[in-house]
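*Asks:* mmCIF, C-alpha atoms, saved as query_24.cif, coming up:
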data_model
loop_
_atom_site.group_PDB
_atom_site.id
_atom_site.type_symbol
_atom_site.label_atom_id
_atom_site.label_comp_id
_atom_site.auth_asym_id
_atom_site.auth_seq_id
_atom_site.Cartn_x
_atom_site.Cartn_y
_atom_site.Cartn_z
ATOM 1 C CA LEU A 19 95.928 90.755 100.759
ATOM 2 C CA LYS A 20 96.056 94.103 99.033
ATOM 3 C CA PRO A 21 98.963 96.405 99.810
ATOM 4 C CA ARG A 22 98.106 99.971 100.615
ATOM 5 C CA GLY A 23 99.942 103.289 100.477
ATOM 6 C CA SER A 24 100.716 105.137 103.668
ATOM 7 C CA GLU A 25 99.973 108.705 104.609
ATOM 8 C CA ALA A 26 103.209 109.063 106.583
ATOM 9 C CA ARG A 27 105.709 111.812 105.913
ATOM 10 C CA ALA A 28 108.370 111.176 103.329
ATOM 11 C CA PRO A 29 112.073 111.966 103.939
ATOM 12 C CA SER A 30 111.515 115.257 102.093
ATOM 13 C CA GLY A 31 109.157 116.367 104.890
ATOM 14 C CA ARG A 32 106.089 116.425 102.623
ATOM 15 C CA PRO A 33 103.241 113.993 103.310
ATOM 16 C CA GLN A 34 103.502 110.919 101.086
ATOM 17 C CA ALA A 35 99.959 111.613 99.899
ATOM 18 C CA ALA A 36 101.267 114.865 98.367
ATOM 19 C CA GLU A 37 104.150 113.017 96.754
ATOM 20 C CA ARG A 38 101.761 110.397 95.362
ATOM 21 C CA ALA A 39 99.560 113.180 93.951
ATOM 22 C CA MET A 40 102.595 114.728 92.291
ATOM 23 C CA ALA A 41 103.598 111.329 90.909
ATOM 24 C CA SER A 42 100.105 110.812 89.485
ATOM 25 C CA MET A 43 100.280 114.240 87.793
ATOM 26 C CA LEU A 44 103.519 113.138 86.190
ATOM 27 C CA GLY A 45 101.875 109.831 85.318
ATOM 28 C CA GLY A 46 101.002 111.178 81.889
ATOM 29 C CA LEU A 47 104.694 111.014 81.089
ATOM 30 C CA GLY A 48 104.714 107.335 82.064
ATOM 31 C CA GLY A 49 104.307 106.354 78.442
ATOM 32 C CA LEU A 50 107.564 108.130 77.598
ATOM 33 C CA PHE A 51 109.705 106.962 80.488
ATOM 34 C CA GLY A 52 107.775 104.164 82.210
ATOM 35 C CA ASN A 53 108.377 102.732 85.628
ATOM 36 C CA THR A 54 111.778 101.059 85.925
ATOM 37 C CA CYS A 55 110.684 98.520 88.525
ATOM 38 C CA ASN A 56 107.780 96.789 90.215
ATOM 39 C CA LEU A 57 107.740 95.841 93.899
ATOM 40 C CA ASP A 58 106.060 92.905 95.583
ATOM 41 C CA ILE A 59 106.134 91.995 99.255
ATOM 42 C CA THR A 60 104.479 89.015 100.919
ATOM 43 C CA ILE A 61 104.271 87.719 104.475
ATOM 44 C CA ASP A 62 105.137 84.049 104.969
ATOM 45 C CA VAL A 63 102.369 82.240 106.853
ATOM 46 C CA GLU A 64 101.191 78.697 107.347
ATOM 47 C CA PRO A 65 98.152 77.728 105.239
ATOM 48 C CA ASN A 66 95.728 77.583 108.194
ATOM 49 C CA ARG A 67 96.545 81.016 109.687
ATOM 50 C CA LYS A 68 93.404 83.018 110.330
ATOM 51 C CA THR A 69 92.653 86.409 108.812
ATOM 52 C CA ALA A 70 90.644 89.402 109.994
ATOM 53 C CA PRO A 71 89.208 92.514 108.306
ATOM 54 C CA LEU A 72 91.621 95.460 108.135
ATOM 55 C CA GLY A 73 88.958 98.073 108.861
ATOM 56 C CA ARG A 74 85.666 99.629 107.880
ATOM 57 C CA ASP A 75 87.242 101.983 105.355
ATOM 58 C CA ARG A 76 88.982 99.091 103.589
ATOM 59 C CA LYS A 77 86.026 96.945 102.642
ATOM 60 C CA GLY A 78 86.856 93.372 101.705
ATOM 61 C CA GLU A 79 90.540 93.638 102.608
ATOM 62 C CA ARG A 80 91.805 91.128 105.158
ATOM 63 C CA GLY A 81 95.130 90.663 106.944
ATOM 64 C CA TYR A 82 96.803 87.701 108.608
ATOM 65 C CA ILE A 83 96.503 87.601 112.411
ATOM 66 C CA PHE A 84 99.681 87.709 114.519
ATOM 67 C CA THR A 85 100.152 87.902 118.289
ATOM 68 C CA ASP A 86 102.711 89.551 120.575
ATOM 69 C CA GLY A 87 106.171 87.977 120.330
ATOM 70 C CA GLU A 88 105.577 86.129 117.053
ATOM 71 C CA ASP A 89 108.117 86.272 114.235
ATOM 72 C CA VAL A 90 107.087 88.165 111.106
ATOM 73 C CA SER A 91 108.904 87.034 107.967
ATOM 74 C CA GLY A 92 108.400 87.059 104.255
ATOM 75 C CA THR A 93 109.731 87.712 100.797
ATOM 76 C CA ALA A 94 110.373 90.950 98.928
ATOM 77 C CA VAL A 95 110.811 91.062 95.156
ATOM 78 C CA VAL A 96 112.203 93.998 93.186
ATOM 79 C CA SER A 97 111.491 93.390 89.489
ATOM 80 C CA VAL A 98 113.523 95.522 87.091
ATOM 81 C CA ARG A 99 112.093 95.875 83.589
ATOM 82 C CA PRO A 100 114.210 94.193 80.898
ATOM 83 C CA GLY A 101 116.773 96.534 79.427
ATOM 84 C CA LYS A 102 116.335 99.070 82.260
ATOM 85 C CA LYS A 103 118.715 100.109 85.010
ATOM 86 C CA LEU A 104 117.506 100.926 88.522
ATOM 87 C CA GLU A 105 119.852 103.210 90.432
ATOM 88 C CA HIS A 106 119.020 103.369 94.127
ATOM 89 C CA GLN A 107 120.315 104.610 97.469
ATOM 90 C CA GLY A 108 119.486 101.324 99.183
ATOM 91 C CA ILE A 109 116.627 98.864 99.553
ATOM 92 C CA LYS A 110 115.086 98.284 102.959
ATOM 93 C CA VAL A 111 112.147 96.590 104.620
ATOM 94 C CA GLU A 112 110.416 98.152 107.639
ATOM 95 C CA LEU A 113 107.983 96.774 110.217
ATOM 96 C CA ILE A 114 105.869 99.694 111.421
ATOM 97 C CA GLY A 115 103.154 100.252 114.020
ATOM 98 C CA GLN A 116 101.256 103.413 113.202
ATOM 99 C CA VAL A 117 98.352 105.488 114.533
ATOM 100 C CA ASP A 118 96.375 107.328 111.836
ATOM 101 C CA MET A 119 93.900 110.125 112.460
ATOM 102 C CA LEU A 120 91.131 109.342 109.982
ATOM 103 C CA TRP A 121 89.983 112.966 109.771
ATOM 104 C CA ASP A 122 93.535 114.181 109.032
ATOM 105 C CA LYS A 123 95.175 111.779 106.575
ATOM 106 C CA SER A 124 98.472 113.681 106.532
ATOM 107 C CA ASN A 125 98.917 113.351 110.305
ATOM 108 C CA SER A 126 100.083 109.946 111.502
ATOM 109 C CA TYR A 127 102.320 108.763 114.332
ATOM 110 C CA ASP A 128 104.731 105.812 114.115
ATOM 111 C CA PHE A 129 104.874 104.338 117.624
ATOM 112 C CA PHE A 130 106.934 101.331 116.558
ATOM 113 C CA SER A 131 109.486 100.835 113.787
ATOM 114 C CA ILE A 132 112.161 98.272 112.931
ATOM 115 C CA THR A 133 114.231 98.550 109.747
ATOM 116 C CA LYS A 134 116.372 95.972 107.957
ATOM 117 C CA ASP A 135 118.616 96.887 105.037
ATOM 118 C CA LEU A 136 118.327 94.433 102.152
ATOM 119 C CA GLU A 137 120.704 96.019 99.627
ATOM 120 C CA PRO A 138 123.359 98.770 99.840
ATOM 121 C CA PRO A 139 123.269 101.731 97.413
ATOM 122 C CA GLY A 140 124.041 100.798 93.831
ATOM 123 C CA ALA A 141 122.405 99.800 90.572
ATOM 124 C CA MET A 142 120.238 96.830 89.607
ATOM 125 C CA PHE A 143 119.813 95.393 86.123
ATOM 126 C CA GLU A 144 117.711 92.319 86.922
ATOM 127 C CA THR A 145 115.008 91.076 89.279
ATOM 128 C CA LYS A 146 116.106 90.219 92.822
ATOM 129 C CA GLN A 147 114.307 88.375 95.584
ATOM 130 C CA TYR A 148 115.035 88.967 99.277
ATOM 131 C CA LYS A 149 114.047 86.958 102.345
ATOM 132 C CA TRP A 150 113.456 89.029 105.483
ATOM 133 C CA LYS A 151 112.574 88.234 109.092
ATOM 134 C CA PHE A 152 111.736 90.266 112.183
ATOM 135 C CA GLY A 153 112.195 87.838 115.087
ATOM 136 C CA SER A 154 110.132 87.855 118.319
ATOM 137 C CA VAL A 155 108.556 91.232 117.606
ATOM 138 C CA ASP A 156 107.012 92.989 120.610
ATOM 139 C CA LYS A 157 103.476 93.927 119.497
ATOM 140 C CA GLN A 158 101.744 95.107 122.673
ATOM 141 C CA ASN A 159 98.979 97.144 121.023
ATOM 142 C CA GLU A 160 96.198 95.478 119.078
ATOM 143 C CA THR A 161 95.034 96.533 115.643
ATOM 144 C CA TYR A 162 92.097 98.922 115.963
ATOM 145 C CA CYS A 163 89.871 100.835 113.575
ATOM 146 C CA GLY A 164 87.451 103.310 115.131
ATOM 147 C CA ILE A 165 85.517 106.354 113.970
ATOM 148 C CA ASN A 166 88.366 108.859 114.409
ATOM 149 C CA VAL A 167 91.540 106.810 114.730
ATOM 150 C CA ARG A 168 93.140 103.649 113.364
ATOM 151 C CA LEU A 169 96.047 101.657 114.810
ATOM 152 C CA ARG A 170 97.706 99.494 112.197
ATOM 153 C CA TYR A 171 100.774 97.315 111.709
ATOM 154 C CA PHE A 172 102.339 96.858 108.308
ATOM 155 C CA VAL A 173 105.499 95.845 106.491
ATOM 156 C CA ARG A 174 106.886 98.384 104.013
ATOM 157 C CA LEU A 175 109.360 97.693 101.205
ATOM 158 C CA VAL A 176 111.234 100.844 100.115
ATOM 159 C CA VAL A 177 113.616 101.417 97.213
ATOM 160 C CA LEU A 178 115.335 104.706 98.093
ATOM 161 C CA ARG A 179 115.928 106.981 95.128
ATOM 162 C CA ASN A 180 118.193 110.001 94.979
ATOM 163 C CA TYR A 181 116.317 112.490 92.790
ATOM 164 C CA ALA A 182 113.109 110.616 92.023
ATOM 165 C CA LEU A 183 110.260 109.481 94.244
ATOM 166 C CA ASN A 184 110.981 106.414 96.360
ATOM 167 C CA HIS A 185 109.316 103.185 95.235
ATOM 168 C CA VAL A 186 107.152 101.950 98.135
ATOM 169 C CA LYS A 187 104.939 98.890 98.668
ATOM 170 C CA GLU A 188 103.111 97.999 101.893
ATOM 171 C CA VAL A 189 101.195 95.023 103.230
ATOM 172 C CA ASP A 190 99.123 95.209 106.439
ATOM 173 C CA PHE A 191 98.625 92.532 109.072
ATOM 174 C CA VAL A 192 96.397 92.304 112.148
ATOM 175 C CA VAL A 193 97.573 92.007 115.757
ATOM 176 C CA GLN A 194 95.290 90.322 118.310
ATOM 177 C CA ASN A 195 96.554 89.449 121.772
ATOM 178 C CA LEU A 196 94.655 86.860 123.789
ATOM 179 C CA TYR A 197 94.813 87.099 127.555
ATOM 180 C CA PRO A 198 93.298 84.791 130.193
ATOM 181 C CA GLN A 199 89.873 85.801 131.421
ATOM 182 C CA PRO A 200 90.104 87.783 134.690
ATOM 183 C CA GLU A 201 88.849 86.105 137.851
ATOM 184 C CA LEU A 202 85.503 87.288 139.138
ATOM 185 C CA ASN A 203 85.505 88.756 142.623
ATOM 186 C CA ASN A 204 82.084 88.025 144.175
ATOM 187 C CA THR A 205 83.109 88.860 147.737
ATOM 188 C CA ILE A 206 81.869 92.443 147.588
ATOM 189 C CA LYS A 207 78.582 92.862 149.495
ATOM 190 C CA MET A 208 76.621 96.067 149.728
ATOM 191 C CA GLU A 209 73.913 97.082 152.141
ATOM 192 C CA VAL A 210 71.405 99.632 150.937
ATOM 193 C CA GLY A 211 69.096 101.589 153.207
#
Starting from the file, give its structure as C-alpha coordinates.
*Replies:*
Amino acid sequence: LKPRGSEARAPSGRPQAAERAMASMLGGLGGLFGNTCNLDITIDVEPNRKTAPLGRDRKGERGYIFTDGEDVSGTAVVSVRPGKKLEHQGIKVELIGQVDMLWDKSNSYDFFSITKDLEPPGAMFETKQYKWKFGSVDKQNETYCGINVRLRYFVRLVVLRNYALNHVKEVDFVVQNLYPQPELNNTIKMEVG
(Lines of atoms letter the chains of each structure in order from A and count residues from 1; the text may use other names and numbers.)
(Lines give C-alpha, C1' and ligand atoms only; values in the text may rest on other atoms or scores of the structure.)
Protein backbone atom coordinates (compact mmCIF):
# COMPACT_ATOMS: atom_id res chain seq x y z
CA LEU A 1 0.00 0.00 0.00
CA LYS A 2 1.37 3.37 -0.97
CA PRO A 3 0.59 6.33 1.26
CA ARG A 4 -0.65 9.44 -0.45
CA GLY A 5 -0.72 13.14 0.39
CA SER A 6 -4.02 14.87 0.96
CA GLU A 7 -5.38 18.00 -0.63
CA ALA A 8 -7.12 19.10 2.58
CA ARG A 9 -6.55 22.48 4.15
CA ALA A 10 -3.71 22.83 6.60
CA PRO A 11 -4.10 24.58 9.99
CA SER A 12 -2.66 27.72 8.36
CA GLY A 13 -5.74 27.89 6.10
CA ARG A 14 -3.74 27.26 2.91
CA PRO A 15 -4.39 24.08 0.92
CA GLN A 16 -1.84 21.39 1.78
CA ALA A 17 -1.02 21.15 -1.93
CA ALA A 18 0.26 24.75 -1.72
CA GLU A 19 2.28 23.92 1.37
CA ARG A 20 3.75 20.85 -0.35
CA ALA A 21 4.68 23.01 -3.36
CA MET A 22 6.40 25.47 -1.05
CA ALA A 23 8.21 22.61 0.69
CA SER A 24 9.40 21.25 -2.66
CA MET A 25 10.73 24.71 -3.61
CA LEU A 26 12.69 24.69 -0.38
CA GLY A 27 13.77 21.13 -1.14
CA GLY A 28 16.96 22.45 -2.70
CA LEU A 29 18.06 23.39 0.79
CA GLY A 30 17.49 19.80 1.92
CA GLY A 31 21.15 19.04 1.41
CA LEU A 32 22.05 21.72 3.96
CA PHE A 33 19.48 20.98 6.62
CA GLY A 34 17.92 17.62 5.72
CA ASN A 35 14.72 16.15 7.05
CA THR A 36 14.87 15.49 10.79
CA CYS A 37 12.48 12.55 10.71
CA ASN A 38 10.75 9.94 8.58
CA LEU A 39 7.20 8.73 9.19
CA ASP A 40 5.70 5.32 8.56
CA ILE A 41 2.17 4.18 9.26
CA THR A 42 0.70 0.73 8.67
CA ILE A 43 -2.71 -0.85 9.20
CA ASP A 44 -2.74 -4.15 11.08
CA VAL A 45 -4.64 -6.81 9.12
CA GLU A 46 -4.85 -10.57 9.02
CA PRO A 47 -2.90 -12.18 6.15
CA ASN A 48 -6.00 -13.24 4.18
CA ARG A 49 -7.78 -9.84 4.18
CA LYS A 50 -8.88 -8.86 0.70
CA THR A 51 -7.79 -5.71 -1.10
CA ALA A 52 -9.43 -3.51 -3.71
CA PRO A 53 -8.20 -0.80 -6.11
CA LEU A 54 -8.15 2.71 -4.63
CA GLY A 55 -9.35 4.40 -7.81
CA ARG A 56 -8.80 5.04 -11.49
CA ASP A 57 -6.42 7.93 -10.89
CA ARG A 58 -4.23 5.79 -8.62
CA LYS A 59 -3.30 2.98 -10.96
CA GLY A 60 -1.93 -0.12 -9.29
CA GLU A 61 -2.56 1.10 -5.75
CA ARG A 62 -4.73 -1.15 -3.58
CA GLY A 63 -6.18 -0.80 -0.09
CA TYR A 64 -7.39 -3.29 2.49
CA ILE A 65 -11.17 -3.77 2.63
CA PHE A 66 -13.03 -2.94 5.87
CA THR A 67 -16.75 -2.92 6.66
CA ASP A 68 -18.98 -0.80 8.90
CA GLY A 69 -18.30 -1.32 12.61
CA GLU A 70 -14.91 -2.99 12.20
CA ASP A 71 -11.93 -1.92 14.29
CA VAL A 72 -9.11 -0.15 12.46
CA SER A 73 -5.73 -0.47 14.18
CA GLY A 74 -2.09 -0.30 13.30
CA THR A 75 1.37 0.97 14.03
CA ALA A 76 2.93 4.40 13.57
CA VAL A 77 6.70 4.93 13.56
CA VAL A 78 8.45 8.28 13.88
CA SER A 79 12.12 7.79 12.98
CA VAL A 80 14.44 10.59 14.09
CA ARG A 81 17.76 10.80 12.26
CA PRO A 82 20.77 10.00 14.46
CA GLY A 83 22.19 13.08 16.12
CA LYS A 84 19.08 15.16 15.30
CA LYS A 85 16.43 16.60 17.59
CA LEU A 86 12.77 16.77 16.58
CA GLU A 87 10.82 19.46 18.40
CA HIS A 88 7.07 19.09 17.94
CA GLN A 89 3.73 20.38 19.20
CA GLY A 90 2.31 16.86 19.48
CA ILE A 91 1.98 13.68 17.46
CA LYS A 92 -1.46 12.42 16.50
CA VAL A 93 -3.16 9.84 14.32
CA GLU A 94 -6.45 10.61 12.56
CA LEU A 95 -9.06 8.40 10.88
CA ILE A 96 -10.72 10.51 8.19
CA GLY A 97 -13.57 10.07 5.71
CA GLN A 98 -13.24 12.62 2.95
CA VAL A 99 -15.01 13.69 -0.26
CA ASP A 100 -12.69 15.10 -2.93
CA MET A 101 -13.79 17.03 -6.00
CA LEU A 102 -11.47 15.70 -8.69
CA TRP A 103 -11.73 18.86 -10.80
CA ASP A 104 -10.85 21.08 -7.81
CA LYS A 105 -8.03 19.44 -5.85
CA SER A 106 -7.93 22.19 -3.22
CA ASN A 107 -11.60 21.70 -2.31
CA SER A 108 -12.34 18.68 -0.13
CA TYR A 109 -14.84 17.95 2.62
CA ASP A 110 -14.13 15.82 5.71
CA PHE A 111 -17.44 14.18 6.62
CA PHE A 112 -15.90 11.97 9.30
CA SER A 113 -12.90 12.43 11.58
CA ILE A 114 -11.58 10.80 14.75
CA THR A 115 -8.28 11.90 16.32
CA LYS A 116 -6.07 10.18 18.88
CA ASP A 117 -3.10 11.91 20.47
CA LEU A 118 0.00 9.71 20.56
CA GLU A 119 2.52 12.10 22.14
CA PRO A 120 2.23 15.46 23.95
CA PRO A 121 4.32 18.46 22.80
CA GLY A 122 8.03 18.07 23.42
CA ALA A 123 11.24 16.91 21.78
CA MET A 124 12.34 13.53 20.42
CA PHE A 125 15.91 12.31 20.04
CA GLU A 126 15.27 8.72 18.95
CA THR A 127 12.85 6.58 16.95
CA LYS A 128 9.52 5.79 18.61
CA GLN A 129 6.83 3.31 17.68
CA TYR A 130 3.16 3.79 18.61
CA LYS A 131 0.26 1.35 18.53
CA TRP A 132 -3.12 2.91 17.73
CA LYS A 133 -6.68 1.62 17.48
CA PHE A 134 -10.03 3.08 16.45
CA GLY A 135 -12.61 0.66 17.86
CA SER A 136 -15.98 -0.16 16.22
CA VAL A 137 -15.75 2.68 13.72
CA ASP A 138 -19.04 3.69 12.07
CA LYS A 139 -18.31 3.68 8.32
CA GLN A 140 -21.72 4.07 6.68
CA ASN A 141 -20.52 5.37 3.30
CA GLU A 142 -18.63 3.15 0.89
CA THR A 143 -15.43 4.10 -0.87
CA TYR A 144 -16.23 5.53 -4.30
CA CYS A 145 -14.24 6.92 -7.20
CA GLY A 146 -16.23 8.49 -10.02
CA ILE A 147 -15.55 10.95 -12.83
CA ASN A 148 -16.03 14.11 -10.74
CA VAL A 149 -15.88 13.02 -7.11
CA ARG A 150 -14.07 10.55 -4.86
CA LEU A 151 -15.06 9.35 -1.39
CA ARG A 152 -12.12 7.96 0.52
CA TYR A 153 -11.16 6.77 3.99
CA PHE A 154 -7.62 7.05 5.26
CA VAL A 155 -5.46 7.11 8.37
CA ARG A 156 -3.16 10.12 8.74
CA LEU A 157 -0.11 10.38 11.00
CA VAL A 158 0.79 14.01 11.82
CA VAL A 159 3.79 15.46 13.63
CA LEU A 160 2.71 19.02 14.47
CA ARG A 161 5.46 21.59 14.11
CA ASN A 162 5.47 25.13 15.43
CA TYR A 163 7.23 27.15 12.73
CA ALA A 164 7.93 24.52 10.09
CA LEU A 165 5.62 22.46 7.91
CA ASN A 166 3.91 19.56 9.66
CA HIS A 167 5.23 16.09 8.83
CA VAL A 168 2.31 14.07 7.40
CA LYS A 169 1.93 10.48 6.18
CA GLU A 170 -1.32 8.86 5.01
CA VAL A 171 -2.48 5.37 4.13
CA ASP A 172 -5.85 4.71 2.44
CA PHE A 173 -8.22 1.80 2.97
CA VAL A 174 -11.42 0.72 1.22
CA VAL A 175 -14.87 0.48 2.81
CA GLN A 176 -17.40 -1.98 1.35
CA ASN A 177 -20.64 -2.73 3.16
CA LEU A 178 -22.52 -5.90 2.26
CA TYR A 179 -26.27 -5.92 2.74
CA PRO A 180 -28.76 -8.76 2.20
CA GLN A 181 -30.35 -8.86 -1.22
CA PRO A 182 -33.78 -7.16 -1.20
CA GLU A 183 -36.84 -9.36 -1.61
CA LEU A 184 -38.51 -9.28 -4.99
CA ASN A 185 -42.11 -8.15 -5.03
CA ASN A 186 -43.85 -9.93 -7.94
CA THR A 187 -47.38 -9.12 -6.81
CA ILE A 188 -47.71 -6.04 -8.99
CA LYS A 189 -49.90 -6.71 -12.05
CA MET A 190 -50.63 -4.22 -14.77
CA GLU A 191 -53.34 -4.20 -17.38
CA VAL A 192 -52.61 -2.37 -20.61
CA GLY A 193 -55.25 -1.33 -23.11
*Asks:* From the set A:Lys157, A:Lys134, A:Lys207, A:Lys151, which residue has the shortest atom-to-atom contact distance to Thr93 of chain A, counting only C-alpha atoms?
*Replies:* A:Lys151
*Asks:* Ranking A:Pro65, A:Gly101, A:Pro200, A:Gly164 by minimum distance to Met142 of chain A and counting all atoms listed in the file, which one comes first?
*Replies:*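 Closest candidate: A:Gly101.
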*Asks:* Quick one: which residues end up in the PyMOL selection byres ((chain A and resi 86) around 8) for this structure, as a list in words?
*Replies:* Phe84, Thr85, Gly87, Glu88, Ser154, Val155, Asp156, Lys157, Gln158, Val193, Gln194 and Asn195 of chain A
*Asks:* Please evaluate the PyMOL selection byres ((chain A and resi 81) around 9) against the displayed coordinates and give the resulting residues as a ChimeraX atom specification.
*Replies:* /A:19-20,68-72,79-80,82-83,189-192
*Asks:* Generate a file of the selected residues that holds C-alpha atoms, formatted as a PDB file, in the frame of the given file.
*Replies:*
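Contents of out-v2.pdb, freshly written:
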ATOM      1  CA  LEU A  19      95.928  90.755 100.759  1.00  0.00           C
ATOM      2  CA  LYS A  20      96.056  94.103  99.033  1.00  0.00           C
ATOM      3  CA  LYS A  68      93.404  83.018 110.330  1.00  0.00           C
ATOM      4  CA  THR A  69      92.653  86.409 108.812  1.00  0.00           C
ATOM      5  CA  ALA A  70      90.644  89.402 109.994  1.00  0.00           C
ATOM      6  CA  PRO A  71      89.208  92.514 108.306  1.00  0.00           C
ATOM      7  CA  LEU A  72      91.621  95.460 108.135  1.00  0.00           C
ATOM      8  CA  GLU A  79      90.540  93.638 102.608  1.00  0.00           C
ATOM      9  CA  ARG A  80      91.805  91.128 105.158  1.00  0.00           C
ATOM     10  CA  TYR A  82      96.803  87.701 108.608  1.00  0.00           C
ATOM     11  CA  ILE A  83      96.503  87.601 112.411  1.00  0.00           C
ATOM     12  CA  VAL A 189     101.195  95.023 103.230  1.00  0.00           C
ATOM     13  CA  ASP A 190      99.123  95.209 106.439  1.00  0.00           C
ATOM     14  CA  PHE A 191      98.625  92.532 109.072  1.00  0.00           C
ATOM     15  CA  VAL A 192      96.397  92.304 112.148  1.00  0.00           C
TER      16      VAL A 192
END
*Asks:* Rank A:Val117, A:Leu202, A:Ala94, A:Leu104 by their smallest atom-to-atom distance to Arg174 of chain A, using all atoms listed in the file, and report the top residue only.
*Replies:*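 With all atoms listed in the file as the atom set, the closest residue is A:Ala94.
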*Asks:* Would you write out, as a list in words, every residue that the PyMOL selection byres ((chain A and resi 63) around 9) captures in this file?
*Replies:*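 Matching residues under the PyMOL selection byres ((chain A and resi 63) around 9) are Ile61, Asp62, Glu64, Pro65, Asn66, Arg67, Tyr82, Val90, Ser91 and Gly92 of chain A.
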*Asks:* At a cut-off of 8 Å, using only C-alpha atoms, what residues contact Gln116 of chain A? Leave out same-chain residues fewer than 2 positions from it and give the result as a ChimeraX atom specification.
*Replies:* /A:114,118,126-130,169-171
*Asks:* Pull C-alpha atoms from the residues just selected and write them as a CSV table (one decimal), keeping the file's coordinate frame.
*Replies:*
chain,number,residue,atom,x,y,z
A,114,ILE,CA,105.9,99.7,111.4
A,118,ASP,CA,96.4,107.3,111.8
A,126,SER,CA,100.1,109.9,111.5
A,127,TYR,CA,102.3,108.8,114.3
A,128,ASP,CA,104.7,105.8,114.1
A,129,PHE,CA,104.9,104.3,117.6
A,130,PHE,CA,106.9,101.3,116.6
A,169,LEU,CA,96.0,101.7,114.8
A,170,ARG,CA,97.7,99.5,112.2
A,171,TYR,CA,100.8,97.3,111.7
*Asks:* For atom CA of Val167 of chain A and atom CA of Lys123 of chain A, determine how far apart the two atoms are, in Å to one decimal place.
*Replies:*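 Atom CA of Lys123 of chain A lies at a distance of 10.2 Å from atom CA of Val167 of chain A.
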*Asks:* So, counting all atoms listed in the file, which residue among A:Val177, A:Leu183, A:Leu196, A:Val96 is closest to Asn159 of chain A?
*Replies:*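 With all atoms listed in the file as the atom set, the closest residue is A:Leu196.
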